[in-house]
$ cat work_28.cif   # mmCIF, C-alpha atoms
data_structure
loop_
_atom_site.label_atom_id
_atom_site.label_comp_id
_atom_site.auth_asym_id
_atom_site.auth_seq_id
_atom_site.Cartn_x
_atom_site.Cartn_y
_atom_site.Cartn_z
CA MET A 193 81.46 106.98 122.46
CA THR A 194 81.10 103.42 121.20
CA THR A 195 77.32 103.65 121.53
CA ILE A 196 77.26 106.88 119.50
CA LEU A 197 79.36 105.27 116.73
CA ARG A 198 77.04 102.27 116.60
CA ILE A 199 74.02 104.55 116.31
CA ALA A 200 75.73 106.53 113.53
CA GLN A 201 76.59 103.32 111.65
CA ARG A 202 73.00 102.09 111.90
CA MET A 203 71.69 105.45 110.71
CA GLY A 204 74.09 105.32 107.74
CA ILE A 205 73.01 101.79 106.82
CA ALA A 206 69.36 102.80 107.11
CA ALA A 207 69.98 105.82 104.85
CA CYS A 208 71.66 103.61 102.22
CA LEU A 209 68.77 101.15 102.32
CA LEU A 210 66.30 104.00 102.00
CA CYS A 211 68.15 105.37 98.94
CA ALA A 212 68.29 101.91 97.36
CA THR A 213 64.57 101.38 98.01
CA SER A 214 63.82 104.78 96.47
CA ALA A 215 65.90 103.94 93.37
CA PHE A 216 64.07 100.64 92.91
CA ALA A 217 60.68 102.32 93.34
CA GLN A 218 61.36 105.28 91.02
CA GLY A 219 59.60 104.97 87.67
CA SER A 220 61.38 105.32 84.32
CA ASP A 221 60.93 107.91 81.59
CA ARG A 222 62.92 106.12 78.87
CA THR A 223 60.08 105.68 76.38
CA GLY A 224 60.68 107.61 73.15
CA LYS A 225 64.04 109.02 74.28
CA TRP A 226 67.49 108.87 72.72
CA ASP A 227 70.66 107.86 74.60
CA ILE A 228 74.16 109.19 73.92
CA PHE A 229 76.95 107.65 75.97
CA PHE A 230 80.69 107.21 76.50
CA GLU A 231 81.97 103.75 77.40
CA THR A 232 85.05 102.28 79.03
CA LEU A 233 85.77 98.65 78.28
CA TRP A 234 87.98 96.05 79.93
CA VAL A 235 88.75 92.99 77.79
CA ASP A 236 90.06 90.07 79.81
CA SER A 237 93.33 88.30 78.93
CA GLN A 238 92.92 85.48 76.44
CA THR A 239 94.73 82.72 74.54
CA VAL A 240 94.32 82.25 70.80
CA ASP A 241 95.24 78.77 69.51
CA SER A 242 95.86 78.14 65.81
CA ASP A 243 97.32 75.52 63.46
CA ASN A 244 100.48 73.48 64.03
CA GLY A 245 100.84 74.57 67.68
CA SER A 246 101.02 78.30 66.98
CA LYS A 247 99.27 80.50 69.53
CA ALA A 248 99.10 83.99 71.02
CA GLU A 249 98.76 85.10 74.64
CA ILE A 250 96.91 88.44 74.64
CA ASP A 251 97.06 90.65 77.74
CA GLY A 252 93.94 92.14 79.27
CA ASP A 253 93.63 95.85 78.59
CA LEU A 254 91.38 98.89 78.80
CA GLY A 255 89.57 100.32 75.79
CA TRP A 256 87.12 103.11 75.17
CA GLY A 257 84.18 103.88 72.94
CA PHE A 258 80.98 105.79 72.40
CA GLY A 259 77.50 105.15 71.10
CA PHE A 260 73.90 106.22 70.74
CA GLY A 261 70.58 104.45 70.99
CA TYR A 262 66.81 104.78 71.06
CA ASN A 263 64.35 103.50 73.67
CA PHE A 264 61.15 102.29 72.01
CA ASN A 265 59.45 101.84 75.38
CA GLU A 266 60.36 101.08 79.00
CA HIS A 267 61.54 97.57 78.09
CA TRP A 268 63.06 97.62 74.59
CA GLY A 269 65.95 99.65 73.22
CA LEU A 270 68.45 99.58 70.33
CA ASP A 271 72.07 100.76 70.57
CA PHE A 272 74.82 101.46 68.03
CA THR A 273 78.33 101.40 69.50
CA PHE A 274 81.95 101.88 68.45
CA ASN A 275 84.91 100.91 70.63
CA TRP A 276 88.66 100.70 70.24
CA LEU A 277 91.38 98.77 72.07
CA GLU A 278 95.15 98.17 72.04
CA ALA A 279 96.53 95.08 73.76
CA ASP A 280 100.05 93.62 74.04
CA TYR A 281 100.60 89.99 73.08
CA ASN A 282 103.25 87.28 73.05
CA ALA A 283 102.97 84.80 70.20
CA THR A 284 104.55 81.44 69.39
CA VAL A 285 105.15 81.02 65.64
CA THR A 286 105.88 77.51 64.35
CA ARG A 287 107.75 76.73 61.15
CA ASP A 288 106.20 74.88 58.23
CA GLY A 289 107.78 71.43 57.99
CA GLY A 290 109.09 71.42 61.56
CA GLY A 291 112.00 73.06 63.25
CA ALA A 292 112.33 75.37 66.23
CA SER A 293 109.43 77.69 66.98
CA GLN A 294 109.92 81.43 67.34
CA ASN A 295 108.53 83.76 70.00
CA ILE A 296 107.47 87.26 69.00
CA SER A 297 105.71 90.07 70.84
CA GLY A 298 103.78 93.12 69.72
CA THR A 299 100.70 95.23 70.17
CA MET A 300 97.39 94.33 68.57
CA GLU A 301 94.80 96.96 67.65
CA SER A 302 91.10 96.24 67.32
CA SER A 303 87.85 98.15 66.93
CA THR A 304 84.23 97.02 66.78
CA PHE A 305 81.15 98.68 65.37
CA GLY A 306 78.02 96.93 66.59
CA MET A 307 74.23 97.04 66.78
CA ASN A 308 72.70 95.70 69.99
CA ALA A 309 69.13 95.04 71.10
CA ILE A 310 68.41 95.58 74.82
CA TYR A 311 65.61 94.28 77.01
CA TYR A 312 65.08 95.99 80.39
CA PHE A 313 63.26 93.72 82.84
CA MET A 314 61.50 96.46 84.83
CA PRO A 315 59.92 99.83 83.88
CA LYS A 316 61.95 101.44 86.65
CA ALA A 317 64.86 103.85 86.88
CA PHE A 318 66.99 100.99 88.26
CA THR A 319 66.63 97.77 86.29
CA PRO A 320 68.62 94.71 85.22
CA TYR A 321 68.73 93.93 81.50
CA VAL A 322 70.01 91.53 78.86
CA THR A 323 71.49 92.45 75.50
CA GLY A 324 72.66 90.82 72.29
CA GLY A 325 73.94 92.06 68.97
CA ILE A 326 76.02 91.73 65.84
CA GLY A 327 78.78 93.81 64.28
CA GLY A 328 82.11 93.94 62.54
CA THR A 329 85.48 93.76 64.31
CA TRP A 330 88.64 95.09 62.67
CA ILE A 331 91.91 93.55 63.92
CA ASP A 332 95.47 94.61 63.08
CA THR A 333 98.16 92.32 64.48
CA ASN A 334 100.93 94.75 63.45
CA ILE A 335 102.82 91.77 62.03
CA PRO A 336 104.34 92.65 58.60
CA ASP A 337 102.83 90.67 55.73
CA GLY A 338 104.59 92.28 52.78
CA LEU A 339 107.62 94.23 51.55
CA ALA A 340 108.34 97.77 52.71
CA VAL A 341 106.56 100.56 50.84
CA PRO A 342 108.08 104.08 50.69
CA VAL A 343 105.81 106.79 52.10
CA CYS A 344 106.59 110.52 51.95
CA TRP A 345 105.00 113.41 53.83
CA TRP A 346 105.58 116.99 54.96
CA ASP A 347 106.81 117.09 58.56
CA PRO A 348 106.52 120.35 60.58
CA TRP A 349 110.07 119.86 61.94
CA TRP A 350 111.97 118.02 59.20
CA GLY A 351 110.19 119.28 56.09
CA TYR A 352 109.66 116.83 53.23
CA TYR A 353 110.46 113.35 54.60
CA CYS A 354 110.31 109.78 53.26
CA ALA A 355 110.54 106.49 55.14
CA PRO A 356 109.67 102.84 54.51
CA THR A 357 106.47 101.42 56.05
CA TYR A 358 105.42 97.78 56.18
CA PRO A 359 101.89 96.56 55.42
CA THR A 360 100.59 94.54 58.36
CA LYS A 361 98.20 91.64 58.70
CA SER A 362 94.75 93.14 59.29
CA ASP A 363 91.16 92.33 58.40
CA THR A 364 87.54 92.88 59.42
CA TYR A 365 85.53 89.94 60.76
CA PHE A 366 81.92 89.27 61.64
CA SER A 367 81.31 89.39 65.40
CA TYR A 368 78.38 88.86 67.75
CA ASN A 369 77.77 89.11 71.48
CA VAL A 370 75.43 88.54 74.41
CA GLY A 371 75.52 90.29 77.77
CA ALA A 372 73.73 91.21 80.98
CA GLY A 373 73.88 94.25 83.22
CA VAL A 374 72.09 96.90 85.25
CA ARG A 375 71.00 100.44 84.37
CA TRP A 376 70.18 103.44 86.56
CA ASP A 377 68.44 106.59 85.29
CA SER A 378 68.88 109.67 87.47
CA PRO A 379 65.95 112.04 88.07
CA GLY A 380 67.65 114.33 85.54
CA SER A 381 69.05 113.21 82.18
CA LEU A 382 72.11 111.24 83.39
CA PHE A 383 72.18 107.44 83.19
CA LEU A 384 74.73 104.79 84.15
CA ARG A 385 75.10 101.21 82.92
CA GLY A 386 77.39 98.34 83.84
CA GLN A 387 77.46 95.06 81.97
CA VAL A 388 79.34 91.81 81.37
CA ILE A 389 79.64 90.75 77.71
CA GLN A 390 80.75 87.60 75.93
CA GLN A 391 81.89 88.37 72.39
CA TRP A 392 82.63 85.94 69.53
CA ILE A 393 84.66 86.85 66.43
CA ASP A 394 84.49 84.63 63.33
CA VAL A 395 88.18 84.78 62.36
CA GLY A 396 88.22 81.58 60.31
CA GLY A 397 91.42 79.79 59.29
CA GLY A 398 93.19 77.97 62.10
CA VAL A 399 91.60 80.13 64.78
CA GLY A 400 87.96 79.57 63.85
CA THR A 401 85.60 81.46 66.15
CA HIS A 402 87.38 83.29 68.93
CA ASP A 403 85.63 84.47 72.11
CA SER A 404 86.50 87.06 74.75
CA LEU A 405 85.05 88.20 78.09
CA GLN A 406 84.44 91.94 78.44
CA PHE A 407 83.36 94.29 81.21
CA ARG A 408 81.81 97.62 80.18
CA PHE A 409 80.73 100.77 82.00
CA ASP A 410 78.65 103.46 80.28
CA ILE A 411 77.90 107.02 81.34
CA GLY A 412 75.51 109.01 79.20
CA THR A 413 72.56 111.31 78.82
CA ARG A 414 69.02 110.74 77.54
CA PHE A 415 66.92 113.30 75.73
#

$ encode --input "work_28.cif" --output "structure tokens"
Amino acid sequence: MTTILRIAQRMGIAACLLCATSAFAQGSDRTGKWDIFFETLWVDSQTVDSDNGSKAEIDGDLGWGFGFGYNFNEHWGLDFTFNWLEADYNATVTRDGGGASQNISGTMESSTFGMNAIYYFMPKAFTPYVTGGIGGTWIDTNIPDGLAVPVCWWDPWWGYYCAPTYPTKSDTYFSYNVGAGVRWDSPGSLFLRGQVIQQWIDVGGGVGTHDSLQFRFDIGTRF
């Protein structure tokens, strides 16, 4: 029985190696085709340091997005992407002129629209690649930065309803990134990509340029 199991294991390993060899050998048909894809994004936890000892500890969290792109040839492509993320944070706020600091917590929202150039190393269905791009990142800290403003609307349950809302600190900043990953094109139209990205956001002020590590997985179709 043990001998049979060993033979089965070796046959399974051989089959996996054969499939991997076939994937590496398979040519690509990307040239002149468009890509449409859905992406899931994990942004690692991070610390944002600012002036006078103030800082924020932002939890890692999962985001999502979508995009489209065009493959000029087997090596070069251009993508346009949009992604969105919510992440919880704990912040330390320091007082002007000294005094005890204050701890607050909340949920930050962010979204990025970007344009990215891609270089695929091999004209094969399975190939590593590098990428880099620029974009704009919108961030809303959900921290009030003004007086309450009355807002009224028609509610399906309560009818005409009014309540105060607070404007929050939000803005759009210039961002840029570099990354590396691998892509696999199926014999049909499906393709998969996985990549690691380092993103920088030019926040300015006490924060300056903030960076984050991201892991992204794409599933899409080419046509």

$ resolve_selection --input "work_28.cif" --expression "the PyMOL selection byres ((chain A and resi 285) around 7)" --output "VMD selection string"
chain A and resid 246 283 to 284 286 to 287 293 to 295

$ write_last_selection --input "work_28.cif" --atoms "C-alpha atoms" --output "PDB file, keeping the file's coordinate frame"
ATOM      1  CA  SER A 246     101.020  78.300  66.980  1.00  0.00           C
ATOM      2  CA  ALA A 283     102.970  84.800  70.200  1.00  0.00           C
ATOM      3  CA  THR A 284     104.550  81.440  69.390  1.00  0.00           C
ATOM      4  CA  THR A 286     105.880  77.510  64.350  1.00  0.00           C
ATOM      5  CA  ARG A 287     107.750  76.730  61.150  1.00  0.00           C
ATOM      6  CA  SER A 293     109.430  77.690  66.980  1.00  0.00           C
ATOM      7  CA  GLN A 294     109.920  81.430  67.340  1.00  0.00           C
ATOM      8  CA  ASN A 295     108.530  83.760  70.000  1.00  0.00           C
TER       9      ASN A 295
END

$ atom_distance --input "work_28.cif" --atom1 "CA of Gln387 (chain A)" --atom2 "CA of Leu233 (chain A)"
9.8 Å

$ closest_residue --input "work_28.cif" --among "A:Asp394, A:Glu266, A:Glu231, A:Asp403" --to "Gly328 (chain A)" --atoms "all atoms listed in the file"
A:Asp394

$ atom_distance --input "work_28.cif" --atom1 "CA of Pro320 (chain A)" --atom2 "CA of Gly219 (chain A)"
13.9 Å

$ resolve_selection --input "work_28.cif" --expression "the PyMOL selection byres ((chain A and resi 298) around 7)" --output "tab-separated table (two decimals) with C-alpha atoms, keeping the file's coordinate frame"
chain	number	residue	atom	x	y	z
A	280	ASP	CA	100.05	93.62	74.04
A	281	TYR	CA	100.60	89.99	73.08
A	282	ASN	CA	103.25	87.28	73.05
A	296	ILE	CA	107.47	87.26	69.00
A	297	SER	CA	105.71	90.07	70.84
A	299	THR	CA	100.70	95.23	70.17
A	300	MET	CA	97.39	94.33	68.57

$ atom_distance --input "work_28.cif" --atom1 "CA of Gly269 (chain A)" --atom2 "CA of Ile331 (chain A)"
28.2 Å

$ axis_aligned_box --input "work_28.cif" --around "region 365-382 of chain A" --padding-each-side "6 Å" --output "lines of an AutoDock Vina configuration file"
center_x = 75.7
center_y = 101.4
center_z = 74.4
size_x = 31.6
size_y = 37.8
size_z = 39.3
